[in-house]
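Asks: The structure follows.
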Number of protein chains: 4
Amino acid sequence: MNFLSDTTAPAHPAVIEAMARANTGYAPSYGADALSARVEARLKEIFETDLKLLFASSGTAANALALSALCPAHGAVLCHDEAHIHRDERGAPEFFTGGAKLIALPGEHGKIAMGALEDALAQWPQDFVHASPPRVLSLSNLNEAGCAYSPAETAERAAAANRHGMSVHIDGARFANAVAATGASPADLTWRAGADALSLGATKGGAAMAEAVILFPAAMERFAELQIRQKRAGQMAAKMRFIAAQFDAWLEDGLWLTLAAQANAMARALAEGLCALPGASLAHPVDGNEVFVRLPETLAARLKAAGAGFYGWPDGSARFVASWTTEQADVDALLKAAG
Amino acid sequence: MNFLSDTTAPAHPAVIEAMARANTGYAPSYGADALSARVEARLKEIFETDLKLLFASSGTAANALALSALCPAHGAVLCHDEAHIHRDERGAPEFFTGGAKLIALPGEHGKIAMGALEDALAQWPQDFVHASPPRVLSLSNLNEAGCAYSPAETAERAAAANRHGMSVHIDGARFANAVAATGASPADLTWRAGADALSLGATKGGAAMAEAVILFPAAMERFAELQIRQKRAGQMAAKMRFIAAQFDAWLEDGLWLTLAAQANAMARALAEGLCALPGASLAHPVDGNEVFVRLPETLAARLKAAGAGFYGWPDGSARFVASWTTEQADVDALLKAAG
Amino acid sequence: MNFLSDTTAPAHPAVIEAMARANTGYAPSYGADALSARVEARLKEIFETDLKLLFASSGTAANALALSALCPAHGAVLCHDEAHIHRDERGAPEFFTGGAKLIALPGEHGKIAMGALEDALAQWPQDFVHASPPRVLSLSNLNEAGCAYSPAETAERAAAANRHGMSVHIDGARFANAVAATGASPADLTWRAGADALSLGATKGGAAMAEAVILFPAAMERFAELQIRQKRAGQMAAKMRFIAAQFDAWLEDGLWLTLAAQANAMARALAEGLCALPGASLAHPVDGNEVFVRLPETLAARLKAAGAGFYGWPDGSARFVASWTTEQADVDALLKAAG
Amino acid sequence: MNFLSDTTAPAHPAVIEAMARANTGYAPSYGADALSARVEARLKEIFETDLKLLFASSGTAANALALSALCPAHGAVLCHDEAHIHRDERGAPEFFTGGAKLIALPGEHGKIAMGALEDALAQWPQDFVHASPPRVLSLSNLNEAGCAYSPAETAERAAAANRHGMSVHIDGARFANAVAATGASPADLTWRAGADALSLGATKGGAAMAEAVILFPAAMERFAELQIRQKRAGQMAAKMRFIAAQFDAWLEDGLWLTLAAQANAMARALAEGLCALPGASLAHPVDGNEVFVRLPETLAARLKAAGAGFYGWPDGSARFVASWTTEQADVDALLKAAG
């Protein structure tokens, strides 16, 4: 009954097996290996476009690297008030960018409200030497409320940012869950909707330690600088093949989406079961693998006592996260403890 | 005949197997797992002291994190002119420290000369508001010329630094090779010689992607800040057990030293063989797993033509690196191509 | 009819005369001069406490230096959403702190609402390695809406911050106007209300280029680091006596408060006159030397046409700033043009 | 007998008078005033070229701003081992650039040796992702040994840097003394010799607090970013006219060169007098207003006892600095005390 986080889950066996398979003989270091190239080729197919790929060891690093390649130190990043980059990365974006400002915007269900975005764009000028100009809009998909931006929702926000000459970044620590949730193509959720860069996370979705930054064509000119920043941040792993191997297995035959679909389905099942209980109600729609649910105190206490793993959330709800390894039996066990 | 670098070598099978073994069930994330604790316990035994341990994904990150915990932004780090932190990390120490200064010192065979160290300590004051005070002495062991500092050599330099109130850091990307080379205990090579922090690298020595920062008792009070910096730098891996597992296997039953001894022995064999050739001579003593040798041009060209992997070094020598996977047959093949 | 900003006003003649008087013979450089010491002594009397003083060349520098001495790079500063440090300093606080986060809070009339402050303190934990802990509360007095915090209002907010172990900074670019407005003592408006540091601006109040950071006893231990940061930021002027001389004249015989009282009085007169016009109304109370007034479009246009200097403000109001040099005739001229 | 530093000297009366004259009525703030424009026009004439001008409050700030506009955070600056930017600015260049590396080069009499420069350019590659590429060569003129680079010496070094795609910065804290010393035109000493940017210091040469960064045509495209950095660093003074006024007076009718010539002449007179004493000898040629002289210990002690102001230098010599206010009588008094 562990629903604490998808970071507590193991890796999918195929991922570890791929690392073992990659462990033969010599290979060029620092990302010049054949597996890294193969993953880039795979991603070009999946995203239906040319792109540039760079690996990182954590989602925080991937986000901060991407933002630092898009936003100058004297600029600002617009993000949701609950964004991981703002709330949960100990200022890594500020560190990697050299002191850029994060401007937090409100919006229901973790989505930046269009009105709030337009207000911020009106209030923060692009060409006033005294003020930090917004240079990047960062959206999370899945977002921090477990909700998915549709291609249209992404495109609407990206278009507003583009009108002000800004870049668009997507924090895709749970991008696989967003693809599985929306049924939209990876391309439609990213560059076709106006995104310049994507942090593509595999760790939460079934890898051991494998994250990536993808630059889409509009931002590919920044790849050389991104690579320099990767090195300078200690993210250019010497034996990069071991990150590449994880992605290779994770992307093969749609495994990444299969695993995401399983996690999403288990979250839905859990949400349905919990909401059938008296006094329980969802705080946010359950698009992906996270369930935010308001629980009567006695129910929450009973679950804790039964050993269920979940976190109380700052907004008063309880967060349950399903992962690729969650099965119906886990959901049933939790619901049984609840009921 | 690949002697390009120990970073092109695969991981030892035991390391990958340990990752597979660790891949069962849920585990606390971000370093709170049981394997991480076990590695810390192992290291306390190996180093015969209390200590604090923190993992990183690359040697550059480990070095830069350690230095940033020891040196304020307005201070300076004394290091050898050829130090990896100065020459090969794209300014990562400057980045992580917030702009500390690296002051490069000369010395034969990659070792900081005592006279140069004393000069620098005399020239750079500790309490002059206009100048960056040296706050850290960083030694590499093995160093960048492939040579090992003995406990006494380390202690002499550390004592000079300590007299000026400075901390001492050891870049141990190839620390295992230094232990194997000197026969000294890990304790004698580090904290007993005055070191406050060690970057302990496993990647070059047989792991896939596993580095660590160790704080010895005199610096343990800085652990909380080090951990904050680890998070902020994107080095706090979500599924940390997969780094811990690598260290666990690498340290078990002295595997780390067995592998280092093998690499060192192969380097020695290679050095002996090469130096028997007309016109070839060592640029530096071969203490560990690196051979720097001056080769007649025709000989170097013949080796290249035969497919031997090695790098021309800025000082005009050729660098050959043996790894844990190098065998006598590899050495023989190279010598045959040479002869 | 120039009401654009108190930064467009000249310096008071006594300030320039003091610089001329200071311009005799040799004087120790970098702040070790006798005039600097005299200003510190004067300020101890004025603030009725021991304190540490350090000069800067701009208000932005004074604020950023003060914040950087109080807030680590991995921490956060709570401030009003319209705070100068957030909106008008091009990210200087982020730059000087090495990437600290500014968290913007709402509140009427430029004052941080207590509820918003308590919410932020509840939401942003002090001891969670993943999140930037709020380490400083920064209040502006006068604030950016031209309003003054009373000693009690300051103390209430400072107490909440102190309960969480935070420091309190006051941006006093127009502190003289706040003292004149409230009639409270400088001590009651600062350290007695819980402030640790004050950016004391003289430039807007009648100096040419003279700003200061004052550390009150609770923060005096940070003075050595503050001085290092002053040097490192290029704010340790070689011939510091010329900044000291300005402060010396400005503080002598209460000149600073006389000038502030004149500016405040002119703002009040202007506000009364404008609000007597049909359709005009104040956006904020006029505590100090700034008037934010909603004007009918035709009236605003008539004033512009008549050559009146003022700025349209983002909230739709018009801002008029009186300075020490503003006289009743200036107010009358503007009102005549309006009427 | 104060020969401690030209920073202990007063300002020339004309400079203070100009500030007083500028102190009338309102003026646009932040550098948009008419005096700032007039100084820029004056400098275009003096340097016989188009250029961009920006003021700063200290030489450290001017240097660090200039370097930060020319060198990325992941690059390096080549400078003399004794350069002010390396030894005397508490890491300000590292701070303003976001962590660029300063690489110190040797050379007699404070001049970077051509051989050392060529070696560094050979050793530090431009296109290797692991190493910080040298992006700027910084020369001081006058340099830290009181010597002047001739136009040819500057051009030779600049040409080597340009061949590697680097920019060239000149630290001209005592540029007036270099012009007076060499008799060369300001243009020949800077942009015609390959310089992209000049820190032009007036403070040591007779101003109160007035420094500038000049971008020559090849670097003018970086002006917008330089201005952003000026703001962000708290160097964009609100009442900029008071810095502009100082430069205006200092440059008028060649006052800057008259004052520098006087200081240089007094240094020469002092050097001649001291070197006539038994056991005294120059450590460096006396090109400008600084004298570095090796003195017998008894002589140095006698001078100190007589109240002479000078500093013992790290190389064992004694440094005497003449300023615009030094007169023959001061030199005579010192020589009398010595003899």
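The chains in the structure tokens are called A, B, ... from first to last as shown; in each chain the residues are counted from 1, and the ligands are counted from 1 in the order shown.
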Write out as a VMD selection string each polymer residue whose atoms come within 6 Å of His109 in chain D, counting only C-alpha atoms; drop sequence neighbours fewer than 2 positions from it.

Replies: chain D and resid 111 145 284

Asks: Compute the set of chain B residues within 10 Å of chain D, using only C-alpha atoms, and express it as a PyMOL selection string.

Replies: chain B and resi 73-76+84-104+122-124+128-133+314-315

Asks: Find the spatial neighbours of range 263-270 of chain B, counting only C-alpha atoms, within a cut-off of 9 Å - ignore same-chain residues fewer than 2 positions away - and output them as a PyMOL selection string.

Replies: chain B and resi 177+180-181+205+258-261+272-275+286-291+320-328+330-332+334-335

Asks: Mind checking DSSP for range 175-319 of chain A and telling me the strand (DSSP E) residues as a PyMOL selection string?

Replies: chain A and resi 197-201+211-215+281-282+290-294+311-312+318-319

Asks: For Ala20 in chain B, please output as a list in words all residues within 8 Å (counting only C-alpha atoms; exclusion window: fewer than 3 positions along the same chain).

Replies: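 Everything that qualifies: Pro13 and Ile16 of chain A; Ile16, Glu17 and Asn23 of chain B.
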
Asks: Measure the distance from CA of Phe216 in chain B to CA of Asp127 in chain C in Å and round it to one decimal.

Replies: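 These two atoms are separated by 23.7 Å.
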
Asks: What is the distance between CA of Lys239 in chain B and CA of Thr7 in chain A, in Å to one decimal?

Replies: 6.1 Å

Asks: Counting only C-alpha atoms, what is within 8 Å of Leu4 in chain D, bar same-chain residues fewer than 3 positions away, as a list in words?

Replies: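 Here the answer would be Thr8, Gly309, Phe310, Tyr311, Arg319, Phe320 and Val321 of chain D.
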
Asks: Would you mind exporting the chosen residues as a CSV table (one decimal), in the first residue's frame, restricted to C-alpha atoms?

Replies:
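Final output, saved to out.csv:
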chain,number,residue,atom,x,y,z
D,8,THR,CA,44.0,59.0,-0.5
D,309,GLY,CA,53.5,57.3,3.9
D,310,PHE,CA,54.2,54.3,1.6
D,311,TYR,CA,53.5,50.6,1.6
D,319,ARG,CA,55.8,51.5,-3.2
D,320,PHE,CA,55.4,55.2,-3.3
D,321,VAL,CA,52.5,56.7,-5.3

Asks: Just the number, please: distance in Å from CA of Ala207 in chain D to CA of Ala14 in chain D, one decimal.

Replies: 9.0 Å

Asks: Quick one: residues within 9 Å of Ala69 in chain B, only C-alpha atoms counted, chain neighbours fewer than 2 positions away excluded, as a PyMOL selection string?

Replies: chain B and resi 64-67+71-72+97+222-223+225-226+229

Asks: Might you pull out every residue within 9 Å of Arg302 in chain C, with only C-alpha atoms counted and same-chain residues fewer than 5 positions away left off, and present them as a count of residues only?

Replies: 5
